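Text of query.tsv (TSV, C-alpha atoms) as supplied:
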```
chain	number	residue	atom	x	y	z
Y	1	MET	CA	49.77	29.33	-37.63
Y	2	THR	CA	48.02	27.92	-34.58
Y	3	GLU	CA	48.32	30.21	-31.56
Y	4	PHE	CA	48.16	29.14	-27.94
Y	5	GLU	CA	48.20	31.09	-24.72
Y	6	LEU	CA	51.71	31.13	-23.29
Y	7	GLY	CA	51.76	30.20	-19.62
Y	8	ARG	CA	54.70	30.19	-17.24
Y	9	PHE	CA	56.35	27.72	-19.61
Y	10	PRO	CA	55.61	27.04	-23.28
Y	11	SER	CA	53.36	24.04	-22.90
Y	12	LEU	CA	50.26	22.70	-24.60
Y	13	PHE	CA	48.07	19.66	-24.71
Y	14	VAL	CA	49.21	17.08	-27.24
Y	15	ARG	CA	47.54	13.85	-28.27
Y	16	VAL	CA	49.91	10.97	-28.92
Y	17	LYS	CA	48.61	7.99	-30.86
Y	18	GLY	CA	50.68	4.83	-30.58
Y	19	SER	CA	51.16	2.33	-33.37
Y	20	ASN	CA	48.58	0.15	-31.57
Y	21	SER	CA	46.06	3.06	-31.82
Y	22	ARG	CA	46.04	3.73	-28.07
Y	23	ILE	CA	45.98	7.42	-27.26
Y	24	ARG	CA	47.49	9.38	-24.40
Y	25	GLU	CA	47.10	13.14	-24.05
Y	26	TYR	CA	49.55	15.24	-22.04
Y	27	ARG	CA	50.29	18.83	-21.16
Y	28	ALA	CA	53.71	18.73	-22.79
Y	29	LEU	CA	56.61	21.11	-22.53
Y	30	VAL	CA	57.80	22.47	-25.88
Y	31	ASP	CA	61.58	22.35	-25.90
Y	32	PRO	CA	63.71	22.16	-29.07
Y	33	ALA	CA	66.81	21.64	-26.91
Y	34	TYR	CA	65.67	18.00	-26.60
Y	35	GLU	CA	66.56	15.81	-29.54
Y	36	TYR	CA	63.61	13.48	-28.98
Y	37	CYS	CA	60.07	13.91	-27.77
Y	38	ILE	CA	59.57	12.28	-24.38
Y	39	VAL	CA	56.80	10.22	-22.79
Y	40	PRO	CA	56.89	8.24	-19.54
Y	41	LYS	CA	58.06	4.63	-19.69
Y	42	GLY	CA	54.66	3.40	-18.51
Y	43	ASP	CA	53.01	4.95	-21.54
Y	44	ALA	CA	55.61	3.51	-23.91
Y	45	TYR	CA	54.38	0.18	-22.54
Y	46	VAL	CA	50.79	1.24	-23.30
Y	47	PHE	CA	51.85	2.12	-26.85
Y	48	GLY	CA	53.03	-1.46	-27.33
Y	49	HIS	CA	56.67	-1.26	-26.26
Y	50	PRO	CA	57.14	-3.63	-23.33
Y	51	GLU	CA	60.90	-3.55	-23.91
Y	52	VAL	CA	61.01	-0.34	-21.79
Y	53	ALA	CA	60.91	-2.66	-18.79
Y	54	PHE	CA	64.14	-4.31	-19.96
Y	55	GLN	CA	66.71	-2.30	-18.04
Y	56	HIS	CA	70.00	-4.04	-18.83
Y	57	GLU	CA	72.51	-1.20	-19.23
Y	58	THR	CA	75.00	-3.13	-21.37
Y	59	VAL	CA	72.84	-5.23	-23.68
Y	60	GLY	CA	69.50	-3.39	-23.84
Y	61	PRO	CA	66.75	-3.95	-26.40
Y	62	PRO	CA	67.61	-3.28	-30.07
Y	63	ASN	CA	65.81	0.06	-30.08
Y	64	ALA	CA	67.67	1.38	-27.01
Y	65	ARG	CA	69.89	4.39	-27.61
Y	66	THR	CA	72.37	6.09	-25.35
Y	67	LEU	CA	71.27	9.65	-24.74
Y	68	MET	CA	73.04	12.50	-23.03
Y	69	THR	CA	70.76	14.06	-20.45
Y	70	ALA	CA	71.09	16.60	-17.65
Y	71	GLY	CA	71.71	13.66	-15.35
Y	72	GLY	CA	74.44	12.11	-17.51
Y	73	PHE	CA	74.34	9.26	-20.03
Y	74	SER	CA	71.38	6.92	-20.00
Y	75	LYS	CA	70.23	4.07	-22.18
Y	76	THR	CA	66.70	4.73	-23.33
Y	77	VAL	CA	64.18	2.99	-25.54
Y	78	VAL	CA	63.32	5.07	-28.61
Y	79	PHE	CA	60.21	4.21	-30.60
Y	80	GLU	CA	57.97	5.68	-33.26
Y	81	VAL	CA	54.34	6.64	-32.67
Y	82	GLU	CA	51.73	6.75	-35.39
Y	83	ALA	CA	50.76	10.40	-34.96
Y	84	VAL	CA	50.92	13.42	-32.68
Y	85	GLU	CA	48.11	15.98	-32.74
Y	86	ILE	CA	48.70	19.51	-31.49
Y	87	GLY	CA	45.80	21.85	-31.98
Y	88	GLY	CA	44.67	21.25	-35.52
Y	89	LEU	CA	48.12	20.10	-36.62
Y	90	SER	CA	49.00	16.47	-37.09
Y	91	PHE	CA	52.53	15.05	-37.27
Y	92	GLU	CA	52.97	11.46	-38.43
Y	93	LYS	CA	55.67	8.96	-37.48
Y	94	VAL	CA	57.35	10.87	-34.68
Y	95	GLU	CA	60.15	9.37	-32.60
Y	96	PHE	CA	59.78	9.35	-28.81
Y	97	ALA	CA	62.16	8.42	-26.03
Y	98	ALA	CA	60.74	6.67	-22.97
Y	99	ILE	CA	62.01	8.65	-19.98
Y	100	ASP	CA	60.46	9.23	-16.57
Y	101	LEU	CA	61.02	12.89	-15.78
Y	102	PRO	CA	61.02	13.88	-12.08
Y	103	GLN	CA	57.39	14.39	-11.20
Y	104	GLU	CA	58.14	17.60	-9.24
Y	105	VAL	CA	58.64	19.29	-12.62
Y	106	GLY	CA	54.92	18.95	-13.33
Y	107	PHE	CA	55.40	17.78	-16.91
Y	108	GLU	CA	55.80	14.22	-18.03
Y	109	ALA	CA	55.99	14.78	-21.76
Y	110	VAL	CA	58.27	16.94	-23.87
Y	111	ILE	CA	57.91	17.93	-27.49
Y	112	GLY	CA	61.45	17.94	-28.80
Y	113	GLN	CA	63.34	18.10	-32.07
Y	114	SER	CA	61.99	14.82	-33.46
Y	115	LEU	CA	58.68	16.68	-33.96
Y	116	LEU	CA	59.82	20.29	-34.03
Y	117	LYS	CA	62.07	19.63	-37.04
Y	118	HIS	CA	58.79	19.68	-38.96
Y	119	ALA	CA	57.53	22.90	-37.32
Y	120	VAL	CA	58.15	26.57	-36.73
Y	121	ILE	CA	57.72	27.95	-33.21
Y	122	ASN	CA	56.99	31.60	-32.41
Y	123	LEU	CA	57.25	32.88	-28.86
Y	124	ASP	CA	56.04	36.33	-27.90
Y	125	TRP	CA	56.49	36.83	-24.16
Y	126	LYS	CA	54.88	40.28	-24.20
Y	127	LYS	CA	51.67	39.11	-25.84
Y	128	ARG	CA	51.91	35.75	-24.03
Y	129	LEU	CA	51.51	33.83	-27.26
Y	130	LEU	CA	52.98	30.56	-28.45
Y	131	GLY	CA	52.59	30.02	-32.19
Y	132	LEU	CA	53.08	26.73	-33.96
Y	133	THR	CA	53.16	26.17	-37.70
Y	134	LYS	CA	53.80	23.00	-39.61
Y	135	ALA	CA	56.85	23.47	-41.84
Y	136	SER	CA	56.01	23.03	-45.50
N	1	MET	CA	41.34	10.10	-33.25
N	2	SER	CA	38.32	8.78	-31.36
N	3	GLY	CA	37.48	9.62	-27.72
N	4	GLY	CA	38.04	7.19	-24.87
N	5	GLN	CA	35.19	5.49	-23.10
N	6	PRO	CA	34.92	4.78	-19.36
N	7	GLN	CA	34.70	1.08	-18.64
N	8	GLY	CA	31.64	0.82	-16.42
N	9	GLY	CA	30.90	2.34	-12.98
N	10	ASN	CA	29.22	5.67	-12.20
N	11	GLU	CA	30.10	8.40	-14.63
N	12	PRO	CA	32.03	11.22	-12.90
N	13	GLU	CA	30.68	14.76	-13.25
N	14	GLU	CA	31.83	17.00	-16.08
N	15	LEU	CA	34.11	19.81	-14.90
N	16	THR	CA	36.04	22.59	-16.56
N	17	LEU	CA	39.84	22.41	-16.35
N	18	GLU	CA	39.80	25.32	-13.87
N	19	GLN	CA	37.30	23.47	-11.67
N	20	ILE	CA	39.44	20.35	-11.84
N	21	ALA	CA	42.54	22.34	-10.84
N	22	GLY	CA	40.59	23.85	-7.92
N	23	LYS	CA	39.12	20.57	-6.74
N	24	TYR	CA	42.32	18.50	-7.10
N	25	LYS	CA	45.07	20.92	-6.11
N	26	SER	CA	48.65	19.94	-7.00
N	27	ARG	CA	47.65	16.46	-8.13
N	28	TRP	CA	48.10	14.35	-11.20
N	29	VAL	CA	44.68	13.83	-12.75
N	30	ALA	CA	43.42	11.61	-15.54
N	31	ILE	CA	40.40	12.91	-17.43
N	32	LEU	CA	38.17	11.82	-20.22
N	33	VAL	CA	37.96	14.95	-22.32
N	34	THR	CA	34.39	16.09	-23.05
N	35	ALA	CA	34.95	19.51	-24.64
N	36	ARG	CA	37.71	21.25	-26.55
N	37	ASP	CA	38.37	24.80	-27.73
N	38	GLY	CA	39.10	25.90	-31.28
N	39	ASN	CA	42.72	24.77	-30.91
N	40	SER	CA	41.65	21.27	-29.81
N	41	GLN	CA	42.89	22.01	-26.31
N	42	PRO	CA	40.77	20.32	-23.60
N	43	THR	CA	38.39	22.65	-21.75
N	44	LYS	CA	36.17	20.16	-19.92
N	45	GLY	CA	36.47	16.62	-18.77
N	46	ARG	CA	35.44	13.88	-16.37
N	47	VAL	CA	38.06	12.96	-13.77
N	48	VAL	CA	38.54	9.19	-13.70
N	49	GLY	CA	41.69	9.14	-11.58
N	50	GLN	CA	43.79	11.44	-9.39
N	51	ASP	CA	46.82	10.97	-7.21
N	52	VAL	CA	49.79	12.88	-5.81
N	53	ASP	CA	51.96	10.22	-7.43
N	54	ARG	CA	51.73	9.88	-11.18
N	55	PHE	CA	53.15	6.37	-11.17
N	56	ARG	CA	50.44	5.19	-8.78
N	57	LEU	CA	47.83	6.94	-10.92
N	58	ARG	CA	48.95	4.95	-13.98
N	59	SER	CA	47.98	1.57	-12.52
N	60	GLY	CA	44.25	2.30	-12.90
N	61	LEU	CA	44.47	3.71	-16.41
N	62	MET	CA	45.47	0.72	-18.52
N	63	LYS	CA	41.85	0.04	-19.46
N	64	TYR	CA	41.38	3.44	-21.10
N	65	PRO	CA	42.26	3.53	-24.79
N	66	ASP	CA	42.25	7.34	-24.80
N	67	ILE	CA	42.94	9.39	-21.69
N	68	CYS	CA	44.37	12.81	-20.84
N	69	ILE	CA	46.83	13.10	-17.92
N	70	PHE	CA	48.17	16.32	-16.45
N	71	TYR	CA	49.37	17.98	-13.25
N	72	THR	CA	47.03	20.60	-11.80
N	73	GLY	CA	49.75	22.49	-9.91
N	74	GLU	CA	52.85	24.42	-10.88
N	75	ALA	CA	56.50	23.58	-10.33
N	76	PRO	CA	57.27	25.14	-6.92
N	77	TYR	CA	60.62	26.60	-7.96
N	78	PRO	CA	62.07	28.29	-11.06
N	79	MET	CA	63.02	25.74	-13.67
N	80	LEU	CA	66.36	25.01	-15.31
N	81	LEU	CA	66.94	22.50	-18.06
W	1	MET	CA	67.98	45.83	-24.82
W	2	PHE	CA	70.37	47.25	-27.39
W	3	GLY	CA	71.42	46.57	-30.93
W	4	SER	CA	69.65	45.88	-34.18
W	5	LYS	CA	66.02	44.86	-34.52
W	6	LYS	CA	66.23	41.32	-35.77
W	7	LEU	CA	68.90	38.67	-35.88
W	8	THR	CA	68.53	35.32	-37.65
W	9	PHE	CA	71.21	32.72	-37.30
W	10	GLN	CA	71.85	29.05	-37.81
W	11	VAL	CA	71.86	26.93	-34.68
W	12	LYS	CA	73.99	23.85	-34.20
W	13	ASP	CA	72.39	20.75	-32.70
W	14	PRO	CA	71.00	20.92	-30.07
W	15	MET	CA	70.15	24.67	-30.20
W	16	LEU	CA	73.71	25.89	-29.74
W	17	VAL	CA	74.85	29.44	-30.38
W	18	MET	CA	77.92	31.44	-29.41
W	19	CYS	CA	77.38	34.25	-26.94
W	20	ARG	CA	79.55	36.80	-25.14
W	21	ILE	CA	79.39	37.37	-21.40
W	22	ALA	CA	80.84	40.54	-19.91
W	23	GLY	CA	82.23	40.26	-16.40
W	24	THR	CA	82.46	42.71	-13.55
W	25	GLY	CA	85.85	44.03	-14.64
W	26	ASP	CA	87.03	44.13	-18.24
W	27	ARG	CA	86.92	40.36	-18.65
W	28	THR	CA	84.76	38.77	-21.31
W	29	ARG	CA	84.14	35.18	-22.30
W	30	GLU	CA	82.67	33.85	-25.48
W	31	LEU	CA	80.86	30.63	-24.70
W	32	SER	CA	78.95	27.96	-26.54
W	33	ALA	CA	75.43	28.36	-25.19
W	34	LEU	CA	72.36	26.18	-25.32
W	35	VAL	CA	69.26	28.25	-26.06
W	36	ASP	CA	66.57	27.04	-23.69
W	37	PHE	CA	63.44	29.09	-23.17
W	38	ASN	CA	62.28	26.71	-20.44
W	39	SER	CA	65.12	27.69	-18.12
W	40	THR	CA	64.05	30.61	-15.95
W	41	HIS	CA	67.62	31.84	-15.50
W	42	CYS	CA	70.81	31.41	-17.47
W	43	LEU	CA	73.10	28.65	-16.25
W	44	MET	CA	76.88	28.97	-15.96
W	45	PHE	CA	79.71	26.78	-14.81
W	46	ALA	CA	81.30	28.07	-11.61
W	47	ASN	CA	84.81	28.39	-13.06
W	48	ASP	CA	83.58	30.66	-15.89
W	49	ALA	CA	81.62	32.77	-13.43
W	50	VAL	CA	84.64	33.13	-11.12
W	51	PHE	CA	86.87	34.06	-14.08
W	52	LEU	CA	84.39	36.80	-14.98
W	53	GLY	CA	84.53	38.18	-11.45
W	54	TYR	CA	81.38	36.65	-9.97
W	55	SER	CA	83.16	35.09	-7.03
W	56	ASP	CA	79.94	34.48	-5.04
W	57	VAL	CA	79.54	31.20	-6.90
W	58	ALA	CA	82.66	29.83	-5.20
W	59	ASN	CA	80.64	29.58	-1.97
W	60	ARG	CA	78.82	26.45	-0.93
W	61	ALA	CA	75.19	26.93	-1.97
W	62	ARG	CA	73.93	25.24	1.20
W	63	GLU	CA	75.78	27.73	3.44
W	64	TRP	CA	75.24	30.73	1.15
W	65	ARG	CA	71.50	30.08	1.31
W	66	GLU	CA	71.52	30.44	5.09
W	67	VAL	CA	72.97	33.94	4.79
W	68	PHE	CA	71.41	35.11	1.50
W	69	PRO	CA	68.40	32.90	0.74
W	70	GLN	CA	67.44	35.00	-2.28
W	71	LYS	CA	70.92	34.55	-3.79
W	72	ALA	CA	70.91	30.76	-3.45
W	73	PRO	CA	67.54	29.65	-4.80
W	74	TYR	CA	66.09	26.20	-5.13
W	75	LEU	CA	65.49	25.26	-8.76
W	76	MET	CA	63.68	22.49	-10.60
W	77	SER	CA	65.62	20.63	-13.22
W	78	PHE	CA	65.13	17.34	-14.99
W	79	ARG	CA	67.44	15.92	-12.31
W	80	GLY	CA	64.96	16.99	-9.59
W	81	VAL	CA	65.19	19.83	-7.04
W	82	GLU	CA	68.58	21.53	-7.06
W	83	ARG	CA	70.31	24.40	-5.33
W	84	GLY	CA	72.50	27.01	-6.92
W	85	ILE	CA	74.04	30.44	-6.44
W	86	MET	CA	72.58	33.29	-8.45
W	87	VAL	CA	74.58	36.19	-9.87
W	88	ARG	CA	73.66	39.11	-12.10
W	89	LEU	CA	75.71	39.16	-15.29
W	90	LYS	CA	76.69	42.64	-16.43
W	91	ARG	CA	75.98	42.02	-20.10
W	92	VAL	CA	75.10	39.07	-22.29
W	93	SER	CA	75.15	39.39	-26.07
W	94	ILE	CA	74.63	37.36	-29.22
W	95	GLY	CA	76.03	39.33	-32.11
W	96	PRO	CA	74.50	42.80	-31.95
W	97	LEU	CA	71.71	41.79	-29.54
W	98	ALA	CA	72.67	42.53	-25.97
W	99	VAL	CA	70.93	42.53	-22.61
W	100	GLU	CA	72.30	44.00	-19.40
W	101	ASP	CA	71.82	42.74	-15.87
W	102	VAL	CA	70.95	39.13	-16.66
W	103	THR	CA	70.41	36.61	-13.85
W	104	ALA	CA	72.47	33.42	-14.04
W	105	VAL	CA	72.80	30.47	-11.74
W	106	SER	CA	75.71	28.21	-11.00
W	107	LEU	CA	74.44	24.87	-9.72
W	108	GLU	CA	75.74	23.18	-6.59
W	109	MET	CA	75.97	19.93	-8.56
W	110	GLU	CA	77.31	21.10	-11.90
W	111	PRO	CA	76.09	19.48	-15.12
W	112	SER	CA	78.39	16.97	-16.77
W	113	LEU	CA	81.37	18.50	-18.57
W	114	LEU	CA	80.63	16.10	-21.43
W	115	LEU	CA	77.54	18.11	-22.35
W	116	PRO	CA	78.23	20.03	-25.56
W	117	TYR	CA	77.71	23.52	-24.10
W	118	ASP	CA	79.37	25.89	-21.65
W	119	MET	CA	76.24	27.66	-20.53
W	120	VAL	CA	72.48	27.79	-20.94
W	121	LEU	CA	70.83	30.94	-22.23
W	122	GLY	CA	67.58	31.05	-20.34
W	123	ARG	CA	64.59	33.29	-20.06
W	124	SER	CA	66.42	36.01	-18.10
W	125	PHE	CA	68.00	36.77	-21.50
W	126	LEU	CA	65.43	35.45	-23.99
W	127	ASP	CA	62.41	37.17	-22.37
W	128	LYS	CA	63.54	40.43	-23.93
W	129	PHE	CA	63.05	39.15	-27.47
W	130	LYS	CA	60.44	37.70	-29.73
W	131	LEU	CA	61.74	34.30	-30.68
W	132	THR	CA	61.12	32.25	-33.81
W	133	TYR	CA	62.62	28.82	-34.28
W	134	ASP	CA	62.36	27.04	-37.60
W	135	GLY	CA	63.06	23.37	-36.98
W	136	LYS	CA	63.41	22.52	-40.65
W	137	SER	CA	66.04	25.10	-41.56
W	138	LYS	CA	67.46	25.08	-38.00
W	139	THR	CA	67.39	28.83	-37.77
W	140	LEU	CA	66.66	30.94	-34.73
W	141	SER	CA	65.44	34.52	-35.01
W	142	LEU	CA	65.46	37.02	-32.17
W	143	SER	CA	63.85	40.43	-32.54
```
As structure tokens:
Amino acid sequence: MTEFELGRFPSLFVRVKGSNSRIREYRALVDPAYEYCIVPKGDAYVFGHPEVAFQHETVGPPNARTLMTAGGFSKTVVFEVEAVEIGGLSFEKVEFAAIDLPQEVGFEAVIGQSLLKHAVINLDWKKRLLGLTKAS
Amino acid sequence: MSGGQPQGGNEPEELTLEQIAGKYKSRWVAILVTARDGNSQPTKGRVVGQDVDRFRLRSGLMKYPDICIFYTGEAPYPMLL
Amino acid sequence: MFGSKKLTFQVKDPMLVMCRIAGTGDRTRELSALVDFNSTHCLMFANDAVFLGYSDVANRAREWREVFPQKAPYLMSFRGVERGIMVRLKRVSIGPLAVEDVTAVSLEMEPSLLLPYDMVLGRSFLDKFKLTYDGKSKTLSLS
């Protein structure tokens, strides 16, 4: 198990490697209540997905999915990245949704179920520890 | 995964994450990571971009193949999903 | 905190469990709750809170904040900055695990009723437990 210090929110630095080998690293919020991991639309573009700029609500690009969010339904591009590195753990072929979270939140990436379905999370608020293990 | 390289210009000074948070309060910063702890979490880096607006920050970062972006402040209010 | 030491249960997508909320009188509601350790407080719909006797939430948050600023806090959500009315729930329980005096917020702009949950179980409840979530087996353990 890899253990991280637990701050005000369970967050850690994650390295996301796109299928075009470009890398973006974020302080991401860990939240299994989200079905997909999230990165900003601008970075989906960097990872080789220019279709994020195609905003047509009815037609949409072929990899657009309708997601239910706190703000209601939205059509969002979902794509696969080559790998995500968290600490010493590496997760291959993880699905991400391209969503711009409000910047007041202070996080622009979320680690959701599409990665956490391969992991076990331990949260100990008293010891301020966040543990992450890759599920076998 | 290999580290990113700055594309020319003067190299910014290496700072710890605490120093970066102190110098660029409540800003979105982009750093080239220069040191990591045992958990591969960044501990030091060179700031190559900073802005109060993360969308504006993005425009100067396309040239970096590998960059770390984070907010140095905290959400001002309690959070709900 | 009361009850047994450890509880492991299956969660439904996305992180849904059933929990019981005790009101100010003898009223209780069993609600489908989203477990979210990133929410500082629990979140309730106003009509459930009123049914349970927490009638403060029927006020307009904007006006309530002028009188009781601490009871109508600003909150950050993934919709942006929001306002809500805070109440203290008498007792929240999942199975044998129960916590008393749990803060919950009813938002001025309520979440969509199409969302598959009736409330969010936030840190005001979850902070009292050690939490383990196994994404593969979709089990949540609280101890």
Which residues of chain Y sit at most 6 Å from chain N, using only C-alpha atoms? Give each one's shortest atom pair and distance in Å (one decimal place), in chain and ascending residue order, as JSON lines.
```
{"residue": "Y:Phe13", "atom": "CA", "partner": "N:Gln41", "partner_atom": "CA", "distance": 5.9}
{"residue": "Y:Arg22", "atom": "CA", "partner": "N:Pro65", "partner_atom": "CA", "distance": 5.0}
{"residue": "Y:Ile23", "atom": "CA", "partner": "N:Asp66", "partner_atom": "CA", "distance": 4.5}
{"residue": "Y:Arg24", "atom": "CA", "partner": "N:Ile67", "partner_atom": "CA", "distance": 5.3}
{"residue": "Y:Glu25", "atom": "CA", "partner": "N:Cys68", "partner_atom": "CA", "distance": 4.2}
{"residue": "Y:Tyr26", "atom": "CA", "partner": "N:Ile69", "partner_atom": "CA", "distance": 5.4}
{"residue": "Y:Arg27", "atom": "CA", "partner": "N:Phe70", "partner_atom": "CA", "distance": 5.7}
{"residue": "Y:Gly87", "atom": "CA", "partner": "N:Asn39", "partner_atom": "CA", "distance": 4.4}
{"residue": "Y:Val105", "atom": "CA", "partner": "N:Ala75", "partner_atom": "CA", "distance": 5.3}
{"residue": "Y:Gly106", "atom": "CA", "partner": "N:Tyr71", "partner_atom": "CA", "distance": 5.6}
```
Using all atoms listed in the file, what does the table of chain W residues within 7 Å of chain N look like, with each row giving the shortest atom pair and its distance in Å to one decimal, sorted by chain and ascending number, as a tab-separated table?
```
residue	atom	partner	partner_atom	distance
W:Asn38	CA	N:Leu81	CA	6.7
W:Ser39	CA	N:Leu80	CA	4.1
W:Thr40	CA	N:Met79	CA	5.5
W:His41	CA	N:Leu80	CA	6.9
W:Tyr74	CA	N:Tyr77	CA	6.2
W:Leu75	CA	N:Tyr77	CA	5.1
W:Met76	CA	N:Met79	CA	4.5
W:Ser77	CA	N:Leu80	CA	4.9
W:Phe78	CA	N:Leu81	CA	6.3
```
Please report as a tab-separated table every residue of chain W lying within 12 Å of chain Y, along with the nearest atom pair and their distance in Å (one decimal), using only C-alpha atoms.
```
residue	atom	partner	partner_atom	distance
W:Val11	CA	Y:Ala33	CA	10.7
W:Lys12	CA	Y:Ala33	CA	10.5
W:Asp13	CA	Y:Ala33	CA	8.1
W:Pro14	CA	Y:Ala33	CA	5.3
W:Met15	CA	Y:Ala33	CA	5.6
W:Leu16	CA	Y:Ala33	CA	8.6
W:Val17	CA	Y:Ala33	CA	11.7
W:Ala33	CA	Y:Ala33	CA	11.1
W:Leu34	CA	Y:Ala33	CA	7.3
W:Val35	CA	Y:Ala33	CA	7.1
W:Asp36	CA	Y:Ala33	CA	6.3
W:Phe37	CA	Y:Asp31	CA	7.5
W:Asn38	CA	Y:Phe9	CA	6.1
W:Ser39	CA	Y:Phe9	CA	8.9
W:Thr40	CA	Y:Phe9	CA	9.0
W:Leu75	CA	Y:Val105	CA	9.9
W:Met76	CA	Y:Val105	CA	6.3
W:Ser77	CA	Y:Val105	CA	7.1
W:Phe78	CA	Y:Leu101	CA	6.1
W:Arg79	CA	Y:Gly71	CA	5.7
W:Gly80	CA	Y:Pro102	CA	5.6
W:Val81	CA	Y:Glu104	CA	7.7
W:Glu82	CA	Y:Glu104	CA	11.4
W:Leu107	CA	Y:Ala70	CA	11.9
W:Met109	CA	Y:Gly71	CA	10.2
W:Glu110	CA	Y:Ala70	CA	9.6
W:Pro111	CA	Y:Ala70	CA	6.3
W:Ser112	CA	Y:Gly72	CA	6.3
W:Leu113	CA	Y:Gly72	CA	9.5
W:Leu114	CA	Y:Gly72	CA	8.3
W:Leu115	CA	Y:Met68	CA	7.2
W:Pro116	CA	Y:Met68	CA	9.5
W:Tyr117	CA	Y:Ala33	CA	11.4
W:Val120	CA	Y:Ala33	CA	10.3
W:Leu121	CA	Y:Ala33	CA	11.2
W:Gly122	CA	Y:Ala33	CA	11.5
W:Arg123	CA	Y:Trp125	CA	9.7
W:Ser124	CA	Y:Trp125	CA	11.7
W:Phe125	CA	Y:Trp125	CA	11.8
W:Leu126	CA	Y:Trp125	CA	9.0
W:Asp127	CA	Y:Trp125	CA	6.2
W:Lys128	CA	Y:Trp125	CA	7.9
W:Phe129	CA	Y:Asp124	CA	7.6
W:Lys130	CA	Y:Asp124	CA	5.0
W:Leu131	CA	Y:Leu123	CA	5.0
W:Thr132	CA	Y:Asn122	CA	4.4
W:Tyr133	CA	Y:Ile121	CA	5.1
W:Asp134	CA	Y:Val120	CA	4.3
W:Gly135	CA	Y:Lys117	CA	3.9
W:Lys136	CA	Y:Lys117	CA	4.8
W:Ser137	CA	Y:Lys117	CA	8.1
W:Lys138	CA	Y:Lys117	CA	7.7
W:Thr139	CA	Y:Val120	CA	9.6
W:Leu140	CA	Y:Ile121	CA	9.5
W:Ser141	CA	Y:Asn122	CA	9.3
W:Leu142	CA	Y:Leu123	CA	9.8
W:Ser143	CA	Y:Asp124	CA	10.0
```
Just write the chosen residues, C-alpha atoms, as a compact mmCIF listing (two decimals), keeping the file's coordinate frame.
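Just written: selection_6.txt:
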```
# COMPACT_ATOMS: atom_id res chain seq x y z
CA VAL W 11 71.86 26.93 -34.68
CA LYS W 12 73.99 23.85 -34.20
CA ASP W 13 72.39 20.75 -32.70
CA PRO W 14 71.00 20.92 -30.07
CA MET W 15 70.15 24.67 -30.20
CA LEU W 16 73.71 25.89 -29.74
CA VAL W 17 74.85 29.44 -30.38
CA ALA W 33 75.43 28.36 -25.19
CA LEU W 34 72.36 26.18 -25.32
CA VAL W 35 69.26 28.25 -26.06
CA ASP W 36 66.57 27.04 -23.69
CA PHE W 37 63.44 29.09 -23.17
CA ASN W 38 62.28 26.71 -20.44
CA SER W 39 65.12 27.69 -18.12
CA THR W 40 64.05 30.61 -15.95
CA LEU W 75 65.49 25.26 -8.76
CA MET W 76 63.68 22.49 -10.60
CA SER W 77 65.62 20.63 -13.22
CA PHE W 78 65.13 17.34 -14.99
CA ARG W 79 67.44 15.92 -12.31
CA GLY W 80 64.96 16.99 -9.59
CA VAL W 81 65.19 19.83 -7.04
CA GLU W 82 68.58 21.53 -7.06
CA LEU W 107 74.44 24.87 -9.72
CA MET W 109 75.97 19.93 -8.56
CA GLU W 110 77.31 21.10 -11.90
CA PRO W 111 76.09 19.48 -15.12
CA SER W 112 78.39 16.97 -16.77
CA LEU W 113 81.37 18.50 -18.57
CA LEU W 114 80.63 16.10 -21.43
CA LEU W 115 77.54 18.11 -22.35
CA PRO W 116 78.23 20.03 -25.56
CA TYR W 117 77.71 23.52 -24.10
CA VAL W 120 72.48 27.79 -20.94
CA LEU W 121 70.83 30.94 -22.23
CA GLY W 122 67.58 31.05 -20.34
CA ARG W 123 64.59 33.29 -20.06
CA SER W 124 66.42 36.01 -18.10
CA PHE W 125 68.00 36.77 -21.50
CA LEU W 126 65.43 35.45 -23.99
CA ASP W 127 62.41 37.17 -22.37
CA LYS W 128 63.54 40.43 -23.93
CA PHE W 129 63.05 39.15 -27.47
CA LYS W 130 60.44 37.70 -29.73
CA LEU W 131 61.74 34.30 -30.68
CA THR W 132 61.12 32.25 -33.81
CA TYR W 133 62.62 28.82 -34.28
CA ASP W 134 62.36 27.04 -37.60
CA GLY W 135 63.06 23.37 -36.98
CA LYS W 136 63.41 22.52 -40.65
CA SER W 137 66.04 25.10 -41.56
CA LYS W 138 67.46 25.08 -38.00
CA THR W 139 67.39 28.83 -37.77
CA LEU W 140 66.66 30.94 -34.73
CA SER W 141 65.44 34.52 -35.01
CA LEU W 142 65.46 37.02 -32.17
CA SER W 143 63.85 40.43 -32.54
```
Shell of 8 Å around Ile21 of chain W, only C-alpha atoms, local chain residues under 5 positions omitted, as number ranges by chain: W: 28-31, 89-93
Within 7 Å of Ala97 of chain Y using only C-alpha atoms, minus same-chain residues under 5 positions, as a PyMOL selection string: chain Y and resi 36-39+76-79
Å distance separating atom CA of Ala58 of chain W from atom CA of Asp26 of chain W, one decimal place: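 Distance reported for this atom pair: 19.8 Å.
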Quick one: distance from atom CA of Ile85 of chain W to atom CA of Met18 of chain W in Å, one decimal?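 These atoms are spaced 23.3 Å apart.
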Might you pull out every residue within 10 Å of Gly25 of chain W, with all atoms listed in the file counted and same-chain residues fewer than 4 positions away left off, and present them as a PyMOL selection string? chain W and resi 52-54+90
In Å to one decimal, how far is atom CA of Ser55 of chain W from atom CA of Pro73 of chain W?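 Atom CA of Pro73 of chain W sits 16.7 Å away from atom CA of Ser55 of chain W.
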